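Undergrad: The file below is input.cif, mmCIF, C-alpha atoms and all ligand atoms:
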data_upload
loop_
_atom_site.group_PDB
_atom_site.id
_atom_site.type_symbol
_atom_site.label_atom_id
_atom_site.label_comp_id
_atom_site.auth_asym_id
_atom_site.auth_seq_id
_atom_site.Cartn_x
_atom_site.Cartn_y
_atom_site.Cartn_z
ATOM 1 C CA MET K 1029 104.770 -210.854 54.399
ATOM 2 C CA SER K 1030 107.600 -210.257 56.821
ATOM 3 C CA GLU K 1031 109.708 -207.158 56.777
ATOM 4 C CA LEU K 1032 113.321 -207.741 55.814
ATOM 5 C CA LEU K 1033 114.924 -204.374 56.369
ATOM 6 C CA THR K 1034 114.149 -200.697 56.922
ATOM 7 C CA LEU K 1035 116.482 -198.021 55.606
ATOM 8 C CA LYS K 1036 116.507 -194.396 56.714
ATOM 9 C CA TYR K 1037 118.303 -191.540 55.034
ATOM 10 C CA THR K 1038 118.635 -187.833 55.571
ATOM 11 C CA VAL K 1039 118.658 -186.095 52.201
ATOM 12 C CA HIS K 1040 120.509 -182.784 52.321
ATOM 13 C CA GLY K 1041 119.100 -179.867 50.425
ATOM 14 C CA ASP K 1042 122.267 -177.891 49.939
ATOM 15 C CA ASN K 1043 124.031 -180.477 47.897
ATOM 16 C CA PHE K 1044 123.091 -181.116 44.287
ATOM 17 C CA THR K 1045 126.293 -182.899 43.605
ATOM 18 C CA GLY K 1046 125.892 -185.554 46.266
ATOM 19 C CA ALA K 1047 122.257 -186.010 45.317
ATOM 20 C CA GLY K 1048 121.254 -189.559 44.577
ATOM 21 C CA GLU K 1049 123.296 -191.043 47.438
ATOM 22 C CA ALA K 1050 120.243 -192.465 49.207
ATOM 23 C CA SER K 1051 118.977 -194.041 45.998
ATOM 24 C CA VAL K 1052 122.357 -195.536 45.163
ATOM 25 C CA SER K 1053 122.625 -196.942 48.686
ATOM 26 C CA MET K 1054 119.104 -198.401 48.550
ATOM 27 C CA LYS K 1055 119.881 -200.027 45.230
ATOM 28 C CA ARG K 1056 122.958 -201.695 46.708
ATOM 29 C CA GLU K 1057 120.914 -203.059 49.628
ATOM 30 C CA LEU K 1058 118.219 -204.421 47.316
ATOM 31 C CA ARG K 1059 120.894 -206.164 45.252
ATOM 32 C CA GLN K 1060 122.336 -207.764 48.343
ATOM 33 C CA LEU K 1061 118.887 -208.983 49.320
ATOM 34 C CA GLY K 1062 118.628 -210.666 45.929
ATOM 35 C CA PHE K 1063 115.704 -208.752 44.432
ATOM 36 C CA ASP K 1064 114.965 -209.112 40.729
ATOM 37 C CA ALA K 1065 116.891 -206.603 38.563
ATOM 38 C CA ASN K 1066 113.705 -205.075 37.134
ATOM 39 C CA VAL K 1067 112.205 -204.550 40.578
ATOM 40 C CA ILE K 1068 115.431 -202.927 41.754
ATOM 41 C CA ARG K 1069 115.534 -200.693 38.710
ATOM 42 C CA ARG K 1070 111.954 -199.528 39.222
ATOM 43 C CA ALA K 1071 112.588 -198.789 42.887
ATOM 44 C CA ALA K 1072 115.836 -196.982 42.069
ATOM 45 C CA ILE K 1073 114.226 -194.741 39.446
ATOM 46 C CA ALA K 1074 111.217 -193.908 41.627
ATOM 47 C CA MET K 1075 113.393 -193.215 44.669
ATOM 48 C CA TYR K 1076 115.906 -191.085 42.751
ATOM 49 C CA GLU K 1077 113.253 -188.820 41.270
ATOM 50 C CA GLY K 1078 111.715 -188.333 44.702
ATOM 51 C CA GLU K 1079 115.086 -187.781 46.325
ATOM 52 C CA ILE K 1080 116.072 -185.180 43.727
ATOM 53 C CA ASN K 1081 112.748 -183.407 44.087
ATOM 54 C CA MET K 1082 113.363 -183.027 47.814
ATOM 55 C CA VAL K 1083 116.803 -181.573 47.071
ATOM 56 C CA ILE K 1084 115.828 -179.114 44.354
ATOM 57 C CA HIS K 1085 112.319 -178.147 45.437
ATOM 58 C CA ALA K 1086 112.231 -178.610 49.217
ATOM 59 C CA GLU K 1087 115.744 -178.072 50.639
ATOM 60 C CA GLY K 1088 116.032 -181.717 51.544
ATOM 61 C CA GLY K 1089 114.091 -184.136 53.702
ATOM 62 C CA GLU K 1090 113.940 -187.664 55.055
ATOM 63 C CA ALA K 1091 113.676 -190.919 53.146
ATOM 64 C CA GLU K 1092 112.468 -194.195 54.580
ATOM 65 C CA VAL K 1093 112.478 -197.482 52.694
ATOM 66 C CA ILE K 1094 110.635 -200.468 54.129
ATOM 67 C CA ILE K 1095 111.690 -203.640 52.386
ATOM 68 C CA SER K 1096 109.622 -206.816 52.536
ATOM 69 C CA GLU K 1097 109.818 -209.911 50.365
ATOM 70 C CA ASP K 1098 106.838 -208.946 48.274
ATOM 71 C CA ARG K 1099 107.192 -205.154 48.217
ATOM 72 C CA ILE K 1100 109.356 -202.090 48.668
ATOM 73 C CA GLU K 1101 107.704 -199.103 50.297
ATOM 74 C CA ILE K 1102 109.337 -195.707 49.882
ATOM 75 C CA ILE K 1103 108.343 -192.728 51.999
ATOM 76 C CA LEU K 1104 109.827 -189.295 51.259
ATOM 77 C CA ARG K 1105 109.066 -186.537 53.755
ATOM 78 C CA ASP K 1106 110.051 -182.907 53.441
ATOM 79 C CA GLU K 1107 109.213 -179.612 55.052
ATOM 80 C CA GLY K 1108 109.475 -177.646 51.840
ATOM 81 C CA PRO K 1109 107.002 -175.254 50.216
ATOM 82 C CA GLY K 1110 104.429 -177.932 49.333
ATOM 83 C CA ILE K 1111 102.855 -178.443 45.920
ATOM 84 C CA ALA K 1112 100.077 -176.004 45.037
ATOM 85 C CA ASN K 1113 98.423 -178.134 42.361
ATOM 86 C CA VAL K 1114 99.328 -181.807 42.473
ATOM 87 C CA GLU K 1115 97.367 -182.708 39.371
ATOM 88 C CA LEU K 1116 99.267 -180.085 37.385
ATOM 89 C CA ALA K 1117 102.616 -181.090 38.927
ATOM 90 C CA MET K 1118 101.998 -184.691 37.841
ATOM 91 C CA LYS K 1119 101.661 -183.687 34.182
ATOM 92 C CA ASP K 1120 104.485 -184.580 31.784
ATOM 93 C CA GLY K 1121 106.659 -181.512 31.289
ATOM 94 C CA PHE K 1122 105.385 -179.370 34.175
ATOM 95 C CA SER K 1123 108.281 -177.865 36.100
ATOM 96 C CA THR K 1124 109.026 -174.844 38.242
ATOM 97 C CA ALA K 1125 112.778 -175.532 38.220
ATOM 98 C CA GLN K 1126 114.964 -172.448 37.834
ATOM 99 C CA ASP K 1127 117.644 -171.959 35.164
ATOM 100 C CA ASN K 1128 120.586 -172.860 37.419
ATOM 101 C CA ILE K 1129 118.961 -176.207 38.127
ATOM 102 C CA ARG K 1130 117.989 -176.779 34.516
ATOM 103 C CA ALA K 1131 121.618 -176.245 33.560
ATOM 104 C CA LEU K 1132 122.416 -179.414 35.523
ATOM 105 C CA GLY K 1133 119.949 -181.423 33.448
ATOM 106 C CA PHE K 1134 116.930 -181.242 35.750
ATOM 107 C CA GLY K 1135 113.611 -179.578 35.038
ATOM 108 C CA ALA K 1136 112.185 -181.742 32.264
ATOM 109 C CA GLY K 1137 109.062 -182.092 34.367
ATOM 110 C CA MET K 1138 109.303 -185.858 34.115
ATOM 111 C CA GLY K 1139 110.227 -186.765 37.695
ATOM 112 C CA LEU K 1140 106.753 -187.204 39.164
ATOM 113 C CA PRO K 1141 105.502 -188.931 35.977
ATOM 114 C CA ASN K 1142 108.450 -191.342 36.242
ATOM 115 C CA MET K 1143 107.619 -192.046 39.885
ATOM 116 C CA LYS K 1144 104.041 -192.844 38.909
ATOM 117 C CA ARG K 1145 105.093 -194.941 35.929
ATOM 118 C CA TYR K 1146 107.643 -197.084 37.756
ATOM 119 C CA SER K 1147 105.821 -197.605 41.048
ATOM 120 C CA ASP K 1148 102.736 -199.754 41.527
ATOM 121 C CA ASP K 1149 101.136 -197.239 43.835
ATOM 122 C CA MET K 1150 101.890 -193.602 44.569
ATOM 123 C CA ARG K 1151 100.247 -191.111 46.878
ATOM 124 C CA ILE K 1152 101.160 -187.490 47.608
ATOM 125 C CA GLU K 1153 100.200 -185.600 50.764
ATOM 126 C CA THR K 1154 101.102 -181.945 50.599
ATOM 127 C CA GLU K 1155 100.300 -178.687 52.312
ATOM 128 C CA ILE K 1156 101.455 -175.265 51.206
ATOM 129 C CA GLY K 1157 104.109 -173.923 53.548
ATOM 130 C CA LYS K 1158 104.238 -177.175 55.529
ATOM 131 C CA GLY K 1159 105.742 -179.769 53.240
ATOM 132 C CA THR K 1160 105.188 -182.822 51.135
ATOM 133 C CA THR K 1161 105.148 -186.550 51.791
ATOM 134 C CA VAL K 1162 105.274 -189.003 48.914
ATOM 135 C CA TYR K 1163 104.410 -192.674 49.437
ATOM 136 C CA MET K 1164 105.342 -195.190 46.767
ATOM 137 C CA THR K 1165 105.008 -198.969 46.645
ATOM 138 C CA ILE K 1166 106.949 -201.223 44.297
ATOM 139 C CA LEU K 1167 105.663 -204.787 44.215
ATOM 140 C CA SER K 1168 108.034 -207.700 43.563
ATOM 141 C CA ASP K 1169 105.447 -209.304 41.355
ATOM 142 C CA SER K 1170 104.080 -206.709 38.950
ATOM 143 C CA PRO K 1171 103.340 -206.353 35.237
ATOM 144 C CA LYS K 1172 105.441 -203.176 35.431
ATOM 145 C CA ASN K 1173 108.559 -205.325 35.725
ATOM 146 C CA ALA K 1174 108.407 -205.558 31.937
ATOM 147 C CA LEU K 1175 108.871 -201.768 31.579
ATOM 148 C CA MET F 723 117.430 -198.711 19.631
ATOM 149 C CA GLN F 724 118.984 -202.191 19.504
ATOM 150 C CA ILE F 725 122.577 -202.457 18.306
ATOM 151 C CA LYS F 726 124.964 -205.334 17.764
ATOM 152 C CA GLU F 727 125.734 -206.504 21.292
ATOM 153 C CA CYS F 728 129.281 -206.093 22.582
ATOM 154 C CA THR F 729 131.244 -205.008 25.641
ATOM 155 C CA ALA F 730 131.567 -201.344 26.565
ATOM 156 C CA ALA F 731 135.308 -201.452 25.926
ATOM 157 C CA ARG F 732 134.797 -202.987 22.503
ATOM 158 C CA LEU F 733 132.277 -200.334 21.513
ATOM 159 C CA ALA F 734 134.636 -197.580 22.620
ATOM 160 C CA GLU F 735 137.468 -199.091 20.639
ATOM 161 C CA GLU F 736 135.395 -199.498 17.489
ATOM 162 C CA LEU F 737 134.209 -195.900 17.652
ATOM 163 C CA GLY F 738 137.625 -194.547 18.565
ATOM 164 C CA LEU F 739 136.444 -193.002 21.830
ATOM 165 C CA GLU F 740 138.718 -191.642 24.509
ATOM 166 C CA THR F 741 138.430 -193.579 27.772
ATOM 167 C CA VAL F 742 137.639 -191.351 30.754
ATOM 168 C CA VAL F 743 136.623 -194.015 33.288
ATOM 169 C CA SER F 744 136.939 -197.700 32.549
ATOM 170 C CA ALA F 745 135.242 -199.063 35.645
ATOM 171 C CA ASP F 746 133.622 -202.158 34.159
ATOM 172 C CA PRO F 747 135.011 -202.674 30.629
ATOM 173 C CA GLU F 748 133.347 -206.059 30.150
ATOM 174 C CA ARG F 749 129.918 -204.549 30.798
ATOM 175 C CA ARG F 750 127.379 -205.611 28.167
ATOM 176 C CA VAL F 751 126.001 -202.945 25.810
ATOM 177 C CA CYS F 752 123.139 -203.862 23.513
ATOM 178 C CA CYS F 753 121.309 -200.662 22.615
ATOM 179 C CA GLY F 754 121.662 -196.915 22.420
ATOM 180 C CA TYR F 755 119.954 -193.829 23.787
ATOM 181 C CA ALA F 756 120.629 -190.097 23.466
ATOM 182 C CA GLY F 757 119.450 -187.229 25.667
ATOM 183 C CA ASP F 758 120.480 -184.548 28.162
ATOM 184 C CA LEU F 759 117.375 -184.106 30.301
ATOM 185 C CA LEU F 760 118.060 -186.373 33.242
ATOM 186 C CA SER F 761 114.563 -187.492 34.175
ATOM 187 C CA TRP F 762 113.796 -188.044 30.526
ATOM 188 C CA VAL F 763 116.762 -190.371 30.323
ATOM 189 C CA MET F 764 115.879 -191.926 33.669
ATOM 190 C CA GLY F 765 112.415 -192.815 32.447
ATOM 191 C CA ARG F 766 113.227 -193.871 28.897
ATOM 192 C CA ALA F 767 116.794 -195.139 28.545
ATOM 193 C CA PRO F 768 116.756 -198.919 28.116
ATOM 194 C CA VAL F 769 118.793 -201.239 30.335
ATOM 195 C CA ASP F 770 122.371 -201.902 29.081
ATOM 196 C CA CYS F 771 122.326 -198.953 26.675
ATOM 197 C CA ALA F 772 125.157 -196.754 25.507
ATOM 198 C CA TRP F 773 123.941 -193.318 26.610
ATOM 199 C CA VAL F 774 125.151 -190.436 24.443
ATOM 200 C CA THR F 775 124.975 -186.998 26.084
ATOM 201 C CA VAL F 776 126.701 -183.635 26.469
ATOM 202 C CA MET F 777 125.831 -183.437 30.187
ATOM 203 C CA SER F 778 128.867 -184.196 32.297
ATOM 204 C CA ASN F 779 128.151 -183.436 35.950
ATOM 205 C CA VAL F 780 127.936 -185.935 38.787
ATOM 206 C CA ASN F 781 124.181 -186.374 38.368
ATOM 207 C CA VAL F 782 124.838 -188.099 35.041
ATOM 208 C CA VAL F 783 126.701 -190.820 36.923
ATOM 209 C CA ALA F 784 123.850 -191.218 39.408
ATOM 210 C CA VAL F 785 121.324 -191.574 36.611
ATOM 211 C CA ALA F 786 123.533 -194.022 34.717
ATOM 212 C CA THR F 787 123.963 -196.285 37.716
ATOM 213 C CA LEU F 788 120.320 -196.168 38.833
ATOM 214 C CA ALA F 789 118.920 -196.762 35.341
ATOM 215 C CA ASP F 790 121.360 -199.627 34.613
ATOM 216 C CA VAL F 791 123.078 -197.869 31.719
ATOM 217 C CA GLY F 792 125.969 -199.844 30.141
ATOM 218 C CA CYS F 793 128.221 -196.887 29.383
ATOM 219 C CA VAL F 794 128.109 -193.112 29.077
ATOM 220 C CA ILE F 795 129.491 -191.463 25.954
ATOM 221 C CA LEU F 796 130.197 -187.753 26.303
ATOM 222 C CA ALA F 797 129.901 -186.042 22.922
ATOM 223 C CA GLU F 798 131.235 -182.662 21.732
ATOM 224 C CA ASN F 799 134.280 -183.054 23.970
ATOM 225 C CA ALA F 800 132.168 -182.525 27.088
ATOM 226 C CA GLU F 801 134.492 -182.814 30.042
ATOM 227 C CA LEU F 802 133.565 -184.993 33.018
ATOM 228 C CA ASP F 803 133.793 -183.143 36.346
ATOM 229 C CA GLU F 804 136.429 -184.603 38.675
ATOM 230 C CA ASP F 805 133.887 -185.496 41.385
ATOM 231 C CA ALA F 806 131.811 -187.210 38.701
ATOM 232 C CA ALA F 807 134.803 -189.252 37.544
ATOM 233 C CA GLU F 808 135.490 -190.306 41.108
ATOM 234 C CA LYS F 809 131.885 -191.361 41.581
ATOM 235 C CA ALA F 810 131.872 -193.265 38.276
ATOM 236 C CA ARG F 811 134.889 -195.260 39.418
ATOM 237 C CA ALA F 812 133.235 -195.940 42.765
ATOM 238 C CA VAL F 813 129.935 -197.180 41.359
ATOM 239 C CA GLY F 814 131.361 -198.942 38.291
ATOM 240 C CA ILE F 815 130.138 -196.763 35.446
ATOM 241 C CA ASN F 816 132.132 -196.623 32.199
ATOM 242 C CA VAL F 817 132.560 -193.160 30.698
ATOM 243 C CA TYR F 818 133.994 -192.428 27.247
ATOM 244 C CA ARG F 819 134.462 -189.188 25.401
ATOM 245 C CA THR F 820 134.676 -187.898 21.847
ATOM 246 C CA ALA F 821 134.802 -184.681 19.838
ATOM 247 C CA MET F 822 131.983 -185.970 17.631
ATOM 248 C CA PRO F 823 128.591 -184.293 18.008
ATOM 249 C CA VAL F 824 125.752 -186.386 19.450
ATOM 250 C CA PHE F 825 124.186 -187.086 16.073
ATOM 251 C CA GLU F 826 127.425 -188.331 14.600
ATOM 252 C CA VAL F 827 128.167 -190.653 17.531
ATOM 253 C CA CYS F 828 124.691 -192.136 17.258
ATOM 254 C CA ALA F 829 124.998 -192.568 13.496
ATOM 255 C CA LYS F 830 128.321 -194.293 13.971
ATOM 256 C CA ILE F 831 126.913 -196.632 16.594
ATOM 257 C CA ALA F 832 123.961 -197.450 14.355
ATOM 258 C CA ASN F 833 126.195 -198.081 11.342
ATOM 259 C CA ARG F 834 128.671 -200.426 13.028
ATOM 260 C CA GLY F 835 126.981 -203.305 11.199
HETATM 261 N N1 LIG K 1201 108.946 -182.328 47.172
HETATM 262 C C1 LIG K 1201 108.457 -181.282 46.477
HETATM 263 N N2 LIG K 1201 108.223 -180.098 47.117
HETATM 264 C C2 LIG K 1201 107.745 -179.040 46.446
HETATM 265 N N3 LIG K 1201 107.435 -179.040 45.133
HETATM 266 C C3 LIG K 1201 107.639 -180.183 44.443
HETATM 267 C C4 LIG K 1201 108.169 -181.366 45.072
HETATM 268 N N4 LIG K 1201 108.244 -182.335 44.143
HETATM 269 C C5 LIG K 1201 107.790 -181.798 42.996
HETATM 270 N N5 LIG K 1201 107.435 -180.504 43.166
HETATM 271 C C6 LIG K 1201 106.834 -179.594 42.145
HETATM 272 O O1 LIG K 1201 106.314 -180.375 41.076
HETATM 273 C C7 LIG K 1201 106.947 -180.002 39.844
HETATM 274 C C8 LIG K 1201 107.071 -181.218 38.951
HETATM 275 O O2 LIG K 1201 107.994 -182.164 39.528
HETATM 276 P P1 LIG K 1201 108.780 -183.157 38.573
HETATM 277 O O3 LIG K 1201 109.679 -183.984 39.391
HETATM 278 O O4 LIG K 1201 107.794 -183.893 37.717
HETATM 279 O O5 LIG K 1201 109.587 -182.198 37.609
HETATM 280 P P2 LIG K 1201 110.911 -181.337 37.944
HETATM 281 O O6 LIG K 1201 111.485 -181.782 39.236
HETATM 282 O O7 LIG K 1201 110.571 -179.912 37.836
HETATM 283 O O8 LIG K 1201 111.864 -181.732 36.738
HETATM 284 P P3 LIG K 1201 112.573 -183.174 36.525
HETATM 285 O O9 LIG K 1201 112.102 -184.074 37.602
HETATM 286 O O10 LIG K 1201 112.122 -183.625 35.179
HETATM 287 O O11 LIG K 1201 114.034 -182.897 36.573
HETATM 288 C C9 LIG K 1201 108.256 -179.368 40.239
HETATM 289 O O12 LIG K 1201 108.769 -178.496 39.269
HETATM 290 C C10 LIG K 1201 107.864 -178.656 41.536
HETATM 291 O O13 LIG K 1201 107.201 -177.437 41.243
HETATM 292 MG MG MG K 1202 111.820 -183.800 39.586
#
Could you write out this file's structure as structure tokens?
TA:
Amino acid sequence: MSELLTLKYTVHGDNFTGAGEASVSMKRELRQLGFDANVIRRAAIAMYEGEINMVIHAEGGEAEVIISEDRIEIILRDEGPGIANVELAMKDGFSTAQDNIRALGFGAGMGLPNMKRYSDDMRIETEIGKGTTVYMTILSDSPKNAL
Amino acid sequence: MQIKECTAARLAEELGLETVVSADPERRVCCGYAGDLLSWVMGRAPVDCAWVTVMSNVNVVAVATLADVGCVILAENAELDEDAAEKARAVGINVYRTAMPVFEVCAKIANRG
């Protein structure tokens, strides 16, 4: 199906307080395009967790959102430290977040599990010392809209 | 947990909460959730809930808006950061505040009848 809009954001790594800007902006765009509230919510949650991970674990990165009628594709690219063990990182509760970050409410180790739970498809490419790219797809028509 | 549906402003009034940001007072609230770990809340808080927490930085506002939370209730007199208040006004998130501990706020919400 035809592409409606592509969004690109630079996510800064030095700014915990402004974090979430890209996700909030994407949500606004999806609303304007008239997407279903549940689809928007799933995309917003998945994007936010990925955006925050780039900020706290990878000193920032780039976000790209490709919006079509039937799907929202989110690509998050960073040049951070990479993820040593993706399977372990995906587990509920696994986190390497430091105390100063935990004090802000992060570090539950639920970000990647949330991304998996709320997207219809998720893929992680990562290389130690090079960076991480996360691909997520949120379908307009999905049983997950009932979540 | 489901609660008797009302507006955010109404809930705040019934519970005697202090209003910090009244950005969308007519916003519907129909359930409650409590928690301070942001991605836990992000993944589990139901749509249109009253979210009770002691976290009060700007990330709370981001989570509330992205997860479609109806209002944030800061317990234990947690004080909202000024940049967080500004953001809440900008994105339309209601924030209330109380000296009550989290458990007490939740009990009060549950017992409204
Ligand atoms: N973009 C990334 N670059 C490097 N490491 C990452 C990245 N994303 C996740 N990780 C690693 O995977 C772990 C688990 O990520 P996850 O998002 O599930 O939890 P968290 O970010 O630690 O805490 P939470 O998301 O609950 O606040 C992180 O602690 C970190 O070690
Ligand atoms: Mg995370």
Undergrad: Could you make a table, as a tab-separated table, of the residues of chain K that have an atom within 7 Å of an atom of ligand LIG 1201 (chain K), each with its nearest atom pair and distance in Å to one decimal, counting only C-alpha atoms and all ligand atoms, in chain and number order?
TA:
residue	atom	partner	partner_atom	distance
K:Glu1077	CA	K:LIG1201	O9	6.1
K:Gly1078	CA	K:LIG1201	N4	7.0
K:Asn1081	CA	K:LIG1201	N4	4.6
K:Met1082	CA	K:LIG1201	N1	4.5
K:His1085	CA	K:LIG1201	C2	4.8
K:Ala1086	CA	K:LIG1201	N2	4.8
K:Asp1106	CA	K:LIG1201	N1	6.4
K:Gly1108	CA	K:LIG1201	N2	5.5
K:Pro1109	CA	K:LIG1201	C2	5.4
K:Gly1110	CA	K:LIG1201	C2	4.5
K:Ile1111	CA	K:LIG1201	N3	4.7
K:Ala1117	CA	K:LIG1201	O1	4.3
K:Met1118	CA	K:LIG1201	O4	5.9
K:Asp1120	CA	K:LIG1201	O4	6.8
K:Gly1121	CA	K:LIG1201	O4	6.9
K:Phe1122	CA	K:LIG1201	C8	5.4
K:Ser1123	CA	K:LIG1201	O12	3.3
K:Thr1124	CA	K:LIG1201	O12	3.8
K:Ala1125	CA	K:LIG1201	O7	4.9
K:Gly1133	CA	K:LIG1201	O11	6.9
K:Phe1134	CA	K:LIG1201	O11	3.4
K:Gly1135	CA	K:LIG1201	O8	3.3
K:Ala1136	CA	K:LIG1201	O10	3.5
K:Gly1137	CA	K:LIG1201	O5	3.3
K:Met1138	CA	K:LIG1201	O10	3.8
K:Gly1139	CA	K:LIG1201	O9	3.3
K:Leu1140	CA	K:LIG1201	O4	3.8
K:Pro1141	CA	K:LIG1201	O4	5.8
K:Gly1159	CA	K:LIG1201	N2	6.6
K:Thr1160	CA	K:LIG1201	N1	5.5
Undergrad: Using only C-alpha atoms, determine which residues lie at most 12 Å from Val783 in chain F, disregarding the query and same-chain residues fewer than 4 positions distant; provide the list as a PyMOL selection string.
TA: (chain K and resi 1045-1049+1052) or (chain F and resi 743+745+760+763-764+773+775+777-779+787-796+802-817)
Undergrad: Please put the answer as JSON: centre and edge lengths, in Å with one decimal, of a box along x, y and z that encloses all listed atoms of range 1119-1122 of chain K plus 4 Å on each side.
TA:
{"center_x": 104.2, "center_y": -182.0, "center_z": 32.7, "size_x": 13.0, "size_y": 13.2, "size_z": 10.9}
Undergrad: With all atoms listed in the file as the basis for distance, which of K:Arg1059, K:His1040, K:Lys1158, K:Arg1070 is at the shortest distance from chain F?
TA: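 Using all atoms listed in the file, the shortest distance to chain F belongs to K:Arg1070.
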Undergrad: Quick check, in Å to one decimal: how far apart do CA of Glu740 in chain F and CA of Thr820 in chain F lie?
TA: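 CA of Thr820 in chain F lies at a distance of 6.1 Å from CA of Glu740 in chain F.
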Undergrad: Just give me the gap between CA of Ala1131 in chain K and CA of Gly765 in chain F in Å, one decimal is fine.
TA: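 The value is 19.0 Å.
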Undergrad: Using all atoms listed in the file, which protein or nucleic acid residues come within 9 Å of Leu739 in chain F? Drop anything in the same chain fewer than 2 positions from it, and give the result as a list in words.
TA: Leu733, Ala734, Glu735, Glu736, Leu737, Thr741, Ile795, Tyr818, Arg819, Thr820 and Ala821 of chain F
Undergrad: Identify which of the residues F:Ser744, F:Ser761, F:Gln724, F:Thr729 lies closest to ligand MG 1202 (chain K), counting only C-alpha atoms and all ligand atoms when measuring atom-to-atom distances.
TA: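 Ranking F:Ser744, F:Ser761, F:Gln724, F:Thr729 by distance to ligand MG 1202 (chain K), first place goes to F:Ser761.
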Undergrad: From the set F:Val780, F:Val742, F:Val751, F:Ala756, which residue has the shortest atom-to-atom contact distance to chain K, counting only C-alpha atoms?
TA: F:Val780
Undergrad: Please measure the separation of CA of Ala1174 in chain K and CA of Asp1098 in chain K, giving the value in Å to one decimal.
TA: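 Straight-line distance from CA of Ala1174 in chain K to CA of Asp1098 in chain K works out to 16.8 Å.
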Undergrad: Which residues, named as in the file, does the PyMOL selection byres (((chain K and resi 1168) around 10) and not hetatm) pick out? Answer as a PyMOL selection string.
TA: chain K and resi 1063-1064+1066-1068+1096-1100+1148+1165-1167+1169-1173
Undergrad: Measuring between all atoms listed in the file, which one of K:Asn1113, K:Asn1142, K:Thr1034, K:Ser1051 shows the shortest distance to ligand MG 1202 (chain K)?
TA: K:Asn1142
Undergrad: Which residue out of K:Lys1055, K:Arg1069, K:Arg1151, K:Lys1119 has the minimum interatomic distance to ligand MG 1202 (chain K) when only C-alpha atoms and all ligand atoms are used?
TA: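 Counting only C-alpha atoms and all ligand atoms, the residue closest to ligand MG 1202 (chain K) is K:Lys1119.
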Undergrad: Could you tell me which of K:Leu1061, K:Glu1153, K:Ile1102, K:Tyr1076 comes closest to ligand MG 1202 (chain K) if we count all atoms listed in the file?
TA: K:Tyr1076
